[in-house]
Amino acid sequence: MERKSREESLQLAAEVLEFIQSETLSVDQKKKIVSDSVDNFSNYVTKAILAHRKSVSNDFSVVEWEDEAAVFRDTMGDEYIDCLGGYGVYLLGHRHPKVVKAVEAQIKRYALHSQEMVDPLRGYLSKLVAYITPGDLQHSYLVNCGTEANEMALKLARLATGKKYFISTEKGFHGKTLGSLSASGKGTFREPYLPLVPGFQHVPFGDADAVEQAIRILINTGETVAGVIVEPIQGEGGVNIPPDDYLPRLREICDKYECLLIVDEVQTGMGRTGTMFGVDHWDVVPDIMTLGKAFGGGVMPIAAMVAKKKWWGKMEENPFLLGSSTFGGNPLCCAGAIAGIHTILEDNIPQMAKEKGDYIMKQLSEIQSRHSDIFVNVRGKGLLIGMEFADNSLGYTLAKRLFGKKILVGGTLNNATVIRLEPPAIISYEQIDYVLACIEEGIAQLSKETKVLR
């Protein structure tokens, strides 16, 4: 494609701004946005994203345009119940008014920081994070997304300990930048980029003995181990919940071998699993914790690494040694995160997630017992719930049919054997009951179809 003229570029920008700033759109404008969206993704983003989304929606005409609470709407005004929740982002729902109010107030003051003067909201948010996180976690480094937070955690562990190797888990997911991807344990994401960052040893998730054995062998063969990185509950890996002694034993193992326990709470943190953080189910205090997704209150993109003070010494020597994120901890995102934390605490979102999660799990367990031939397992904590099917095609078919009922759910990024339910904590019981009825109807139909084929 050749570069366009200034006039053509201005015309396009003006047209899109009119769409954004209009309170109402004409039918022709709505249709144009739909057709433009398909063309733009095909030619300027990547067509593969359309194909991936189509496996759920079957319909390119569904273009997301508005949202609130537990629903989003397309350009034509059709409303969908969100049980995907941005893979954990929308714990407080879409555009929670308290979070939006804080961000609107901040943007009227100033939006980004100068990079040189002291910006107060970064300090206030970091203090608040120290208040709410377990044990003696204290110092925060604020970034833009979860994979950045995990990169910072890995870098800090090497700086603080002077050691090199990391133990991570099979099926673990920590992001797709090179360091985080090296820690991740899914071959689909890793293989195109091999060789990755050296110094990562993967072991089965939930097996503390395997972690200790890996550390012992590395040390006995002359290597050094900086840390163990793990999710309290694997999300992208299939909502895998470890044995109750797993995280406590990892804490003991890391203390024994003088390496750091890094817990990735990007998806499980901020109340999603029915406690403020996933580690709270097992009363474990990590050396480093990473946060993201719901951390921005469902409005702003922000993530964080928070660590114990005793590991922060190198940062005192040179505060920019770890990183210098241009937009990390900017005032708008900090305002959203502070308002999000306030709402989580004031409304007791973790308890809300636990109660609604228990309600959903009870109903799904009963459905599973009636259709165990295709719906083989259900597991989860709070509002991080996994529905496991006998094969990938069954999960995809159910996801498509639920979308036809105006319900959005999600598999893992490249697989639907496990369908994830991650609705906002503010979802109503009426909405939950509708979703559960549609799930049961869809599974019953799948069961009949499978029996006919046999």
# chains A, B, ... in the order shown; residues from 1 in each chain; ligands from 1
call {"tool": "residues_around", "arguments": {"residues": "Leu159 of chain A", "least_positions_apart": "4", "cutoff": "10 Å", "atoms": "only C-alpha atoms", "output": "JSON, numbers by chain"}}
result
{"A": [153, 154, 155, 163, 164, 226, 311, 312, 313, 314, 315, 321, 322]}
call {"tool": "select_by_dssp", "arguments": {"residues": "segment 91-200 of chain A", "states": "alpha helix (DSSP H)", "output": "PyMOL selection string"}}
result
chain A and resi 97-107+120-132+146-161+178-183+187-190
call {"tool": "atom_distance", "arguments": {"atom1": "atom CA of Asp136 of chain A", "atom2": "atom CA of Ala335 of chain A"}}
result
24.0 Å
call {"tool": "residues_around", "arguments": {"residues": "segment 63-66 of chain A", "least_positions_apart": "4", "cutoff": "8 Å", "atoms": "only C-alpha atoms", "output": "JSON, numbers by chain"}}
result
{"A": [34, 37, 72, 73, 74, 75]}
call {"tool": "atom_distance", "arguments": {"atom1": "atom CA of Val285 of chain A", "atom2": "atom CA of Ala304 of chain A"}}
result
16.5 Å
call {"tool": "select_by_dssp", "arguments": {"residues": "segment 62-223 of chain A", "states": "strand (DSSP E)", "output": "PyMOL selection string"}}
result
chain A and resi 64-68+71-74+79-82+137-143+165-169+200-203
call {"tool": "closest_residue", "arguments": {"among": "A:Leu261, A:Ile344, A:Ala51, A:Met300", "to": "Val89 of chain A", "atoms": "only C-alpha atoms"}}
result
A:Met300
call {"tool": "closest_residue", "arguments": {"among": "A:Asn415, A:Gly179, A:Met361, A:Arg251", "to": "Gly237 of chain A", "atoms": "only C-alpha atoms"}}
result
A:Asn415
call {"tool": "closest_residue", "arguments": {"among": "A:Leu250, A:Leu345, A:Leu196, A:Met270", "to": "Val284 of chain A", "atoms": "only C-alpha atoms"}}
result
A:Leu250
call {"tool": "closest_residue", "arguments": {"among": "A:Ala13, A:Val435, A:Leu408, A:Leu364", "to": "Val62 of chain A", "atoms": "only C-alpha atoms"}}
result
A:Leu408
call {"tool": "closest_residue", "arguments": {"among": "A:Gly329, A:Pro286, A:Gly278, A:Gly292", "to": "Leu142 of chain A", "atoms": "only C-alpha atoms"}}
result
A:Gly329
